[in-house]
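Data from query_4.cif: mmCIF, C-alpha atoms
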data_run
#
loop_
_atom_site.group_PDB
_atom_site.id
_atom_site.type_symbol
_atom_site.label_atom_id
_atom_site.label_comp_id
_atom_site.auth_asym_id
_atom_site.auth_seq_id
_atom_site.Cartn_x
_atom_site.Cartn_y
_atom_site.Cartn_z
ATOM 1 C CA MET K 29 119.306 67.436 248.383
ATOM 2 C CA LYS K 30 121.599 67.786 251.382
ATOM 3 C CA GLU K 31 123.970 64.993 250.388
ATOM 4 C CA LYS K 32 125.274 66.937 247.416
ATOM 5 C CA LEU K 33 126.969 69.322 249.833
ATOM 6 C CA LYS K 34 129.017 66.435 251.250
ATOM 7 C CA ASN K 35 130.298 64.879 248.063
ATOM 8 C CA ASP K 36 133.642 66.136 246.784
ATOM 9 C CA MET K 37 133.986 65.738 243.017
ATOM 10 C CA THR K 38 137.341 67.515 242.763
ATOM 11 C CA GLY K 39 139.474 65.851 240.117
ATOM 12 C CA LYS K 40 136.473 64.231 238.435
ATOM 13 C CA ILE K 41 135.633 65.067 234.821
ATOM 14 C CA CYS K 42 131.923 65.020 233.999
ATOM 15 C CA LEU K 43 130.173 65.444 230.664
ATOM 16 C CA VAL K 44 126.476 66.319 230.570
ATOM 17 C CA THR K 45 124.501 66.353 227.319
ATOM 18 C CA GLY K 46 121.460 68.572 226.908
ATOM 19 C CA SER K 47 122.912 70.906 229.497
ATOM 20 C CA THR K 48 122.120 74.435 228.319
ATOM 21 C CA ASN K 49 118.766 74.437 230.116
ATOM 22 C CA GLY K 50 116.478 72.430 232.349
ATOM 23 C CA ILE K 51 117.605 69.291 234.149
ATOM 24 C CA GLY K 52 120.965 69.147 232.396
ATOM 25 C CA LYS K 53 121.879 72.696 233.315
ATOM 26 C CA SER K 54 120.879 72.199 236.961
ATOM 27 C CA THR K 55 122.904 68.987 237.043
ATOM 28 C CA ALA K 56 125.954 70.733 235.616
ATOM 29 C CA ILE K 57 125.710 73.559 238.171
ATOM 30 C CA GLU K 58 125.606 71.200 241.142
ATOM 31 C CA LEU K 59 128.461 69.014 239.898
ATOM 32 C CA ALA K 60 130.524 72.162 239.383
ATOM 33 C CA ARG K 61 129.685 73.249 242.936
ATOM 34 C CA MET K 62 131.119 69.936 244.129
ATOM 35 C CA GLY K 63 134.397 70.802 242.423
ATOM 36 C CA ALA K 64 134.133 68.663 239.291
ATOM 37 C CA THR K 65 135.413 69.707 235.896
ATOM 38 C CA VAL K 66 132.171 69.897 233.952
ATOM 39 C CA VAL K 67 131.815 69.831 230.168
ATOM 40 C CA ILE K 68 128.414 70.880 228.871
ATOM 41 C CA ILE K 69 127.076 70.171 225.386
ATOM 42 C CA GLY K 70 124.961 72.623 223.406
ATOM 43 C CA ARG K 71 123.924 73.363 219.842
ATOM 44 C CA ASP K 72 123.929 77.169 219.803
ATOM 45 C CA ALA K 73 127.369 78.725 220.312
ATOM 46 C CA GLN K 74 126.184 81.973 221.902
ATOM 47 C CA LYS K 75 123.712 80.343 224.280
ATOM 48 C CA THR K 76 126.222 77.658 225.268
ATOM 49 C CA SER K 77 128.873 80.288 225.995
ATOM 50 C CA GLU K 78 126.422 82.220 228.160
ATOM 51 C CA VAL K 79 125.480 79.087 230.105
ATOM 52 C CA VAL K 80 129.163 78.319 230.763
ATOM 53 C CA LYS K 81 129.551 81.788 232.291
ATOM 54 C CA GLU K 82 126.377 81.289 234.321
ATOM 55 C CA ILE K 83 127.528 77.938 235.702
ATOM 56 C CA ARG K 84 130.953 79.318 236.590
ATOM 57 C CA ALA K 85 129.346 82.240 238.417
ATOM 58 C CA ALA K 86 126.757 80.095 240.216
ATOM 59 C CA SER K 87 129.282 77.464 241.295
ATOM 60 C CA GLY K 88 132.401 79.538 241.820
ATOM 61 C CA ASN K 89 134.196 76.902 239.772
ATOM 62 C CA PRO K 90 136.226 78.067 236.746
ATOM 63 C CA HIS K 91 136.583 74.502 235.439
ATOM 64 C CA VAL K 92 133.470 74.549 233.265
ATOM 65 C CA ASP K 93 133.935 73.881 229.567
ATOM 66 C CA SER K 94 131.675 73.365 226.571
ATOM 67 C CA LEU K 95 131.527 71.610 223.221
ATOM 68 C CA LEU K 96 129.040 72.137 220.409
ATOM 69 C CA ALA K 97 127.102 69.398 218.640
ATOM 70 C CA ASP K 98 123.705 68.535 217.216
ATOM 71 C CA LEU K 99 123.384 65.097 218.762
ATOM 72 C CA SER K 100 120.796 63.954 216.215
ATOM 73 C CA SER K 101 123.662 63.872 213.685
ATOM 74 C CA GLN K 102 125.994 60.907 213.962
ATOM 75 C CA GLN K 103 128.779 62.827 212.259
ATOM 76 C CA GLU K 104 128.513 65.538 214.918
ATOM 77 C CA VAL K 105 128.434 62.951 217.700
ATOM 78 C CA ARG K 106 131.684 61.515 216.341
ATOM 79 C CA ARG K 107 133.223 64.985 216.050
ATOM 80 C CA LEU K 108 132.169 65.762 219.624
ATOM 81 C CA ALA K 109 133.847 62.626 220.951
ATOM 82 C CA HIS K 110 137.007 63.396 218.986
ATOM 83 C CA GLU K 111 137.170 66.975 220.269
ATOM 84 C CA PHE K 112 136.616 65.883 223.855
ATOM 85 C CA LYS K 113 139.388 63.297 223.657
ATOM 86 C CA ARG K 114 141.786 65.881 222.248
ATOM 87 C CA LYS K 115 141.277 67.993 225.382
ATOM 88 C CA TYR K 116 140.735 65.383 228.089
ATOM 89 C CA SER K 117 142.327 62.020 228.781
ATOM 90 C CA GLN K 118 139.736 60.956 231.353
ATOM 91 C CA LEU K 119 135.962 60.873 231.729
ATOM 92 C CA HIS K 120 134.620 59.821 235.121
ATOM 93 C CA VAL K 121 130.922 60.622 234.669
ATOM 94 C CA LEU K 122 128.896 60.614 231.450
ATOM 95 C CA ILE K 123 125.311 61.795 231.799
ATOM 96 C CA ASN K 124 123.200 61.134 228.709
ATOM 97 C CA ASN K 125 120.507 63.714 229.399
ATOM 98 C CA ALA K 126 119.684 65.178 225.963
ATOM 99 C CA GLY K 127 116.335 64.301 224.441
ATOM 100 C CA GLY K 128 113.329 65.651 222.614
ATOM 101 C CA PHE K 129 109.638 65.141 221.946
ATOM 102 C CA PHE K 130 108.280 65.354 218.407
ATOM 103 C CA LEU K 131 104.583 65.374 217.547
ATOM 104 C CA ARG K 132 105.219 64.760 213.851
ATOM 105 C CA ARG K 133 107.592 62.371 212.156
ATOM 106 C CA GLN K 134 110.846 64.088 211.208
ATOM 107 C CA LEU K 135 114.090 62.677 209.893
ATOM 108 C CA SER K 136 117.597 63.465 211.068
ATOM 109 C CA VAL K 137 120.374 64.323 208.627
ATOM 110 C CA ASP K 138 121.158 60.598 208.611
ATOM 111 C CA GLY K 139 117.623 59.764 207.486
ATOM 112 C CA ILE K 140 116.654 58.358 210.898
ATOM 113 C CA GLU K 141 113.425 59.256 212.683
ATOM 114 C CA MET K 142 114.301 62.134 214.979
ATOM 115 C CA THR K 143 112.955 60.762 218.272
ATOM 116 C CA PHE K 144 114.912 57.538 217.917
ATOM 117 C CA ALA K 145 117.989 59.356 216.595
ATOM 118 C CA LEU K 146 118.190 61.919 219.404
ATOM 119 C CA ASN K 147 116.758 60.075 222.394
ATOM 120 C CA HIS K 148 118.389 56.680 221.863
ATOM 121 C CA LEU K 149 120.974 56.410 219.107
ATOM 122 C CA ALA K 150 122.843 59.566 220.136
ATOM 123 C CA SER K 151 123.435 58.169 223.643
ATOM 124 C CA PHE K 152 124.192 54.718 222.254
ATOM 125 C CA LEU K 153 126.841 56.029 219.854
ATOM 126 C CA LEU K 154 128.340 58.678 222.131
ATOM 127 C CA THR K 155 128.735 56.200 224.966
ATOM 128 C CA ASP K 156 130.379 53.679 222.662
ATOM 129 C CA LEU K 157 132.842 56.287 221.414
ATOM 130 C CA PHE K 158 133.765 57.189 225.004
ATOM 131 C CA LEU K 159 133.997 53.658 226.396
ATOM 132 C CA ASP K 160 137.774 53.377 226.089
ATOM 133 C CA THR K 161 138.244 56.674 227.934
ATOM 134 C CA ILE K 162 135.613 55.847 230.560
ATOM 135 C CA GLN K 163 137.073 52.414 231.269
ATOM 136 C CA ALA K 164 140.555 53.914 231.562
ATOM 137 C CA SER K 165 139.108 56.342 234.145
ATOM 138 C CA ALA K 166 137.437 53.693 236.330
ATOM 139 C CA PRO K 167 135.823 53.839 238.757
ATOM 140 C CA ALA K 168 133.460 55.696 236.463
ATOM 141 C CA ARG K 169 129.726 56.112 235.978
ATOM 142 C CA ILE K 170 127.354 56.280 233.017
ATOM 143 C CA ILE K 171 123.905 57.718 233.707
ATOM 144 C CA ASN K 172 121.004 57.575 231.245
ATOM 145 C CA VAL K 173 118.034 59.881 231.782
ATOM 146 C CA SER K 174 114.889 57.957 230.906
ATOM 147 C CA SER K 175 111.272 58.513 231.981
ATOM 148 C CA ASP K 176 108.325 56.678 233.498
ATOM 149 C CA ALA K 177 106.846 57.043 230.014
ATOM 150 C CA HIS K 178 108.852 53.919 229.228
ATOM 151 C CA ALA K 179 106.036 51.902 230.833
ATOM 152 C CA SER K 180 103.883 52.645 227.762
ATOM 153 C CA GLY K 181 106.733 51.967 225.354
ATOM 154 C CA LYS K 182 107.124 49.129 222.876
ATOM 155 C CA ILE K 183 110.064 48.062 220.763
ATOM 156 C CA GLU K 184 108.682 47.030 217.393
ATOM 157 C CA PHE K 185 111.591 46.041 215.202
ATOM 158 C CA ASP K 186 109.518 46.335 212.027
ATOM 159 C CA ASN K 187 108.516 49.880 213.004
ATOM 160 C CA LEU K 188 111.466 51.236 215.029
ATOM 161 C CA GLN K 189 111.378 54.574 213.249
ATOM 162 C CA GLY K 190 107.636 54.877 212.812
ATOM 163 C CA GLU K 191 107.947 53.924 209.158
ATOM 164 C CA GLN K 192 104.583 52.184 209.146
ATOM 165 C CA ASN K 193 102.704 54.118 211.793
ATOM 166 C CA PHE K 194 104.222 57.104 213.569
ATOM 167 C CA ARG K 195 102.690 58.285 216.839
ATOM 168 C CA PRO K 196 103.916 60.667 219.549
ATOM 169 C CA SER K 197 104.323 57.505 221.643
ATOM 170 C CA ALA K 198 107.642 57.210 219.793
ATOM 171 C CA TYR K 199 108.896 59.165 222.827
ATOM 172 C CA ASP K 200 107.741 56.404 225.187
ATOM 173 C CA ASN K 201 109.471 53.838 222.984
ATOM 174 C CA SER K 202 112.724 55.793 223.066
ATOM 175 C CA LYS K 203 112.617 56.007 226.865
ATOM 176 C CA LEU K 204 112.129 52.237 227.003
ATOM 177 C CA ALA K 205 115.155 51.951 224.712
ATOM 178 C CA ASN K 206 117.183 54.026 227.224
ATOM 179 C CA ILE K 207 116.570 51.470 229.968
ATOM 180 C CA LEU K 208 117.174 48.444 227.737
ATOM 181 C CA PHE K 209 120.447 50.050 226.619
ATOM 182 C CA THR K 210 121.359 50.583 230.270
ATOM 183 C CA LEU K 211 120.744 46.934 231.133
ATOM 184 C CA GLU K 212 122.751 45.511 228.252
ATOM 185 C CA LEU K 213 125.622 47.970 228.688
ATOM 186 C CA ALA K 214 125.777 47.195 232.407
ATOM 187 C CA ARG K 215 126.008 43.487 231.560
ATOM 188 C CA ARG K 216 128.806 44.102 229.077
ATOM 189 C CA LEU K 217 130.762 46.255 231.537
ATOM 190 C CA GLU K 218 130.575 43.915 234.513
ATOM 191 C CA GLY K 219 133.910 43.793 236.323
ATOM 192 C CA THR K 220 135.348 46.888 234.621
ATOM 193 C CA GLY K 221 134.699 49.361 237.432
ATOM 194 C CA VAL K 222 132.205 51.255 235.238
ATOM 195 C CA THR K 223 128.587 51.375 236.409
ATOM 196 C CA VAL K 224 125.555 52.153 234.265
ATOM 197 C CA ASN K 225 122.200 53.256 235.647
ATOM 198 C CA ALA K 226 119.008 54.862 234.359
ATOM 199 C CA LEU K 227 116.570 57.235 236.030
ATOM 200 C CA HIS K 228 113.208 58.942 235.861
ATOM 201 C CA PRO K 229 113.609 62.635 236.789
ATOM 202 C CA GLY K 230 109.884 63.204 237.324
ATOM 203 C CA PHE K 231 107.678 65.571 235.370
ATOM 204 C CA VAL K 232 109.824 68.681 235.187
ATOM 205 C CA ALA K 233 109.010 72.214 234.013
ATOM 206 C CA THR K 234 111.609 72.901 231.302
ATOM 207 C CA GLY K 235 111.682 73.972 227.649
ATOM 208 C CA PHE K 236 110.865 70.389 226.720
ATOM 209 C CA ALA K 237 108.372 69.893 223.823
ATOM 210 C CA LYS K 238 108.325 73.599 222.947
ATOM 211 C CA ASN K 239 109.802 72.743 219.544
ATOM 212 C CA ASN K 240 106.376 71.545 218.371
ATOM 213 C CA GLY K 241 104.933 74.934 217.428
ATOM 214 C CA LYS K 242 103.724 78.095 219.140
ATOM 215 C CA VAL K 243 100.483 76.624 220.492
ATOM 216 C CA ILE K 244 102.225 73.723 222.220
ATOM 217 C CA ALA K 245 104.962 76.042 223.480
ATOM 218 C CA ALA K 246 102.362 78.386 224.984
ATOM 219 C CA LEU K 247 100.495 75.537 226.675
ATOM 220 C CA VAL K 248 103.707 74.102 228.110
ATOM 221 C CA SER K 249 104.766 77.530 229.393
ATOM 222 C CA VAL K 250 101.447 78.138 231.139
ATOM 223 C CA PHE K 251 100.519 74.753 232.567
ATOM 224 C CA ALA K 252 103.774 72.887 233.189
ATOM 225 C CA PRO K 253 104.913 75.133 236.082
ATOM 226 C CA LEU K 254 101.575 74.522 237.836
ATOM 227 C CA VAL K 255 101.992 70.751 238.117
ATOM 228 C CA ALA K 256 105.657 70.014 237.431
ATOM 229 C CA ARG K 257 108.690 69.952 239.681
ATOM 230 C CA SER K 258 111.509 72.423 239.155
ATOM 231 C CA PRO K 259 114.606 71.586 237.090
ATOM 232 C CA VAL K 260 116.621 71.698 240.331
ATOM 233 C CA LYS K 261 114.388 69.017 241.851
ATOM 234 C CA GLY K 262 114.365 67.041 238.608
ATOM 235 C CA ALA K 263 118.165 67.013 238.544
ATOM 236 C CA GLU K 264 118.591 65.566 242.026
ATOM 237 C CA THR K 265 118.666 61.904 240.997
ATOM 238 C CA SER K 266 121.166 62.564 238.200
ATOM 239 C CA ILE K 267 123.392 64.361 240.693
ATOM 240 C CA TYR K 268 122.975 61.568 243.233
ATOM 241 C CA LEU K 269 123.957 58.888 240.725
ATOM 242 C CA ALA K 270 126.935 60.946 239.563
ATOM 243 C CA SER K 271 128.352 61.705 242.988
ATOM 244 C CA SER K 272 127.020 59.616 245.842
ATOM 245 C CA PRO K 273 129.211 56.964 247.460
ATOM 246 C CA ASN K 274 125.983 55.112 248.270
ATOM 247 C CA VAL K 275 125.683 53.884 244.684
ATOM 248 C CA GLU K 276 129.324 52.979 244.187
ATOM 249 C CA GLY K 277 129.415 49.611 242.437
ATOM 250 C CA MET K 278 125.649 49.593 241.846
ATOM 251 C CA THR K 279 124.811 48.985 238.188
ATOM 252 C CA GLY K 280 121.967 48.108 235.845
ATOM 253 C CA LYS K 281 119.339 49.778 238.063
ATOM 254 C CA TYR K 282 116.473 52.195 237.496
ATOM 255 C CA PHE K 283 116.071 55.112 239.925
ATOM 256 C CA TYR K 284 113.451 57.673 240.889
ATOM 257 C CA ASP K 285 113.973 60.258 243.623
ATOM 258 C CA SER K 286 117.385 58.718 244.361
ATOM 259 C CA GLN K 287 115.870 55.326 245.122
ATOM 260 C CA VAL K 288 115.953 52.081 243.145
ATOM 261 C CA ILE K 289 112.500 51.282 241.773
ATOM 262 C CA SER K 290 111.127 48.610 239.467
ATOM 263 C CA ALA K 291 110.981 49.370 235.768
ATOM 264 C CA ALA K 292 108.122 48.091 233.600
ATOM 265 C CA PRO K 293 108.322 44.383 232.675
ATOM 266 C CA GLN K 294 109.334 45.072 229.064
ATOM 267 C CA ALA K 295 112.255 47.144 230.370
ATOM 268 C CA THR K 296 113.751 44.124 232.136
ATOM 269 C CA ASP K 297 113.715 41.786 229.128
ATOM 270 C CA MET K 298 117.382 40.957 228.483
ATOM 271 C CA VAL K 299 116.600 39.179 225.198
ATOM 272 C CA LEU K 300 114.884 42.340 223.981
ATOM 273 C CA ALA K 301 117.806 44.448 225.248
ATOM 274 C CA ARG K 302 120.335 42.425 223.266
ATOM 275 C CA LYS K 303 118.197 42.470 220.145
ATOM 276 C CA LEU K 304 117.821 46.257 220.399
ATOM 277 C CA TRP K 305 121.599 46.564 220.865
ATOM 278 C CA ASP K 306 122.192 44.649 217.641
ATOM 279 C CA ALA K 307 119.571 46.654 215.734
ATOM 280 C CA SER K 308 121.054 49.937 216.999
ATOM 281 C CA THR K 309 124.556 48.887 215.969
ATOM 282 C CA GLU K 310 123.326 47.966 212.514
ATOM 283 C CA MET K 311 121.505 51.283 212.126
ATOM 284 C CA ILE K 312 124.653 53.230 213.037
ATOM 285 C CA LEU K 313 126.796 51.225 210.645
ATOM 286 C CA ARG K 314 124.332 51.844 207.847
ATOM 287 C CA ALA K 315 124.235 55.566 208.544
ATOM 288 C CA ASP K 316 128.038 55.528 208.509
ATOM 289 C CA GLY K 317 128.042 53.806 205.131
ATOM 290 C CA LEU K 318 129.606 50.620 206.471
ATOM 291 C CA LEU K 319 126.561 48.496 205.669
ATOM 292 C CA ALA K 320 124.564 48.500 202.478
ATOM 293 C CA LYS K 321 121.028 49.828 202.867
ATOM 294 C CA THR K 322 118.270 47.292 202.240
#
Would it be possible to restate this file's structure as structure tokens?
Amino acid sequence: MKEKLKNDMTGKICLVTGSTNGIGKSTAIELARMGATVVIIGRDAQKTSEVVKEIRAASGNPHVDSLLADLSSQQEVRRLAHEFKRKYSQLHVLINNAGGFFLRRQLSVDGIEMTFALNHLASFLLTDLFLDTIQASAPARIINVSSDAHASGKIEFDNLQGEQNFRPSAYDNSKLANILFTLELARRLEGTGVTVNALHPGFVATGFAKNNGKVIAALVSVFAPLVARSPVKGAETSIYLASSPNVEGMTGKYFYDSQVISAAPQATDMVLARKLWDASTEMILRADGLLAKT
């Protein structure tokens, strides 16, 4: 992506979740090469520290920092936001990249189905906690990494967490939620100087889905590189949305290969987007003990 060499991100502070490998790591490296201060988020202290050193070496930029958090935990998301704000007064680019795929139904520490907790609620809550800082840093950008899997997704409010019938398509549903969140947040932030966009990175060969056992991990390791694009290629649209002057002021869009494309019909339903927003807010309040569980 030649344009990345032109864009100067000096003075910009960027936070990238899910950035110790794959798309997130490649995104962080390129933003650091452009001169940005980059904060990566990881779960494992040793691995995260090693990735910080790797990004600094690859980019020649010493302004690479890290924070630790398990984003499936709302308490850790809140701690992460607090720690970031103690160190930084501005946030110009937030890239919600972290996500996971789970073959079997699992619950987070908050008692929320893991796919929904990590792929949607973590971004929803983290973004909300950063909104004051992001708006004070405007012009600023929020970027949500979704997937074309959203086209098979459904938002079933009586089965949001797979309580009645859990299927691996919970991933597709969460990616649909990413785009609906993007649309509603963009509407709410109109006129603030903060843009919000979503993207499909393509099918990328990363460590994704290897958490589902040795057999799945082996299959992913063998076959994904044969048909998938590299993490560097998969990161290009995230980098473009974070840095390009061509998208300045553009908001509420869905991108693939650095171009605006049409999302599936259910991903453009503003009534559904607002209803999901309300349901997500209620779920967070309940997990935080501010609403009684029913």
Per residue of region 30-136 of chain K within 10 Å of region 155-161 of chain K, note the shortest atom pair and the distance in Å to one decimal, counting all atoms listed in the file, and order the rows by chain and increasing residue number, as JSON lines.
{"residue": "K:Val105", "atom": "CA", "partner": "K:Leu157", "partner_atom": "CA", "distance": 8.8}
{"residue": "K:Arg106", "atom": "CA", "partner": "K:Leu157", "partner_atom": "CA", "distance": 7.4}
{"residue": "K:Leu108", "atom": "CA", "partner": "K:Leu157", "partner_atom": "CA", "distance": 9.7}
{"residue": "K:Ala109", "atom": "CA", "partner": "K:Leu157", "partner_atom": "CA", "distance": 6.4}
{"residue": "K:His110", "atom": "CA", "partner": "K:Leu157", "partner_atom": "CA", "distance": 8.6}
{"residue": "K:Phe112", "atom": "CA", "partner": "K:Phe158", "partner_atom": "CA", "distance": 9.2}
{"residue": "K:Lys113", "atom": "CA", "partner": "K:Thr161", "partner_atom": "CA", "distance": 8.0}
{"residue": "K:Tyr116", "atom": "CA", "partner": "K:Thr161", "partner_atom": "CA", "distance": 9.1}
{"residue": "K:Ser117", "atom": "CA", "partner": "K:Thr161", "partner_atom": "CA", "distance": 6.8}
{"residue": "K:Gln118", "atom": "CA", "partner": "K:Thr161", "partner_atom": "CA", "distance": 5.7}
{"residue": "K:Leu119", "atom": "CA", "partner": "K:Thr161", "partner_atom": "CA", "distance": 6.1}
{"residue": "K:His120", "atom": "CA", "partner": "K:Thr161", "partner_atom": "CA", "distance": 8.6}
{"residue": "K:Leu122", "atom": "CA", "partner": "K:Thr155", "partner_atom": "CA", "distance": 7.8}
{"residue": "K:Ile123", "atom": "CA", "partner": "K:Thr155", "partner_atom": "CA", "distance": 9.5}
{"residue": "K:Asn124", "atom": "CA", "partner": "K:Thr155", "partner_atom": "CA", "distance": 8.3}
Enclose all atoms of region 189-193 of chain K listed in the file in an axis-aligned box, grow every side by 4 Å, and hand back centre and edge lengths in Å to one decimal, as lines of an AutoDock Vina configuration file.
center_x = 107.0
center_y = 53.5
center_z = 211.2
size_x = 16.7
size_y = 10.7
size_z = 12.1
- Near-region 87-93 of chain K list (12 Å; only C-alpha atoms; drop same-chain fewer than 5 positions) as a VMD selection string: chain K and resid 37 to 44 47 to 48 53 to 70 76 to 82 112 115 to 116
- Task: Taking the file above as input, evaluate the PyMOL selection byres ((chain K and resi 146) around 7) and report the hits as a ChimeraX atom specification.
- Result: /K:99-100,127-128,142-145,147-150
- Atomic distance CA of Leu131 (chain K) - CA of Pro196 (chain K), expressed in Å with one decimal: 5.2 Å
- Message: Give me, as a list in words, all polymer residues having an atom no more than 7 Å from region 278-282 of chain K, counting all atoms listed in the file and skipping those fewer than 2 positions away in the same chain.
- Response: Thr210, Leu211, Ala214, Thr223, Val224, Asn225, Ala226, Leu227, Val275, Glu276, Val288, Ile289, Ser290 and Ala291 of chain K
Keeping only C-alpha atoms, write the selected residues as a tab-separated table (two decimals), keeping the file's coordinate frame.
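Okay, this is what ended up in selection17.tsv:
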chain	number	residue	atom	x	y	z
K	210	THR	CA	121.36	50.58	230.27
K	211	LEU	CA	120.74	46.93	231.13
K	214	ALA	CA	125.78	47.20	232.41
K	223	THR	CA	128.59	51.38	236.41
K	224	VAL	CA	125.56	52.15	234.26
K	225	ASN	CA	122.20	53.26	235.65
K	226	ALA	CA	119.01	54.86	234.36
K	227	LEU	CA	116.57	57.24	236.03
K	275	VAL	CA	125.68	53.88	244.68
K	276	GLU	CA	129.32	52.98	244.19
K	288	VAL	CA	115.95	52.08	243.14
K	289	ILE	CA	112.50	51.28	241.77
K	290	SER	CA	111.13	48.61	239.47
K	291	ALA	CA	110.98	49.37	235.77
- Near-Arg195 (chain K) list (12 Å; all atoms listed in the file; drop same-chain fewer than 3 positions) as an MDAnalysis selection string: chainID K and resid 129:134 141 143 181:182 187:192 198:201
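Counting from CA of Leu204 (chain K), the distance to CA of Arg107 (chain K) is 27.0 Å.
Atom to atom, CA of Ala315 (chain K) and CA of Gln103 (chain K) stand 9.3 Å apart.
Candidate residues K:Ser165, K:Asn125, K:Asn274, K:Gln287 were compared for distance to Gly221 (chain K), and the nearest is K:Ser165, using only C-alpha atoms.
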- Could you write out as an MDAnalysis selection string the residues that the PyMOL selection byres ((chain K and resi 294) around 12) matches in the shown file? chainID K and resid 178:184 201 203:205 207:208 211 290:293 295:301
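Run against this file, the PyMOL selection byres ((chain K and resi 168) around 6) gives back His120, Val121, Ala166, Pro167, Arg169 and Val222 of chain K.
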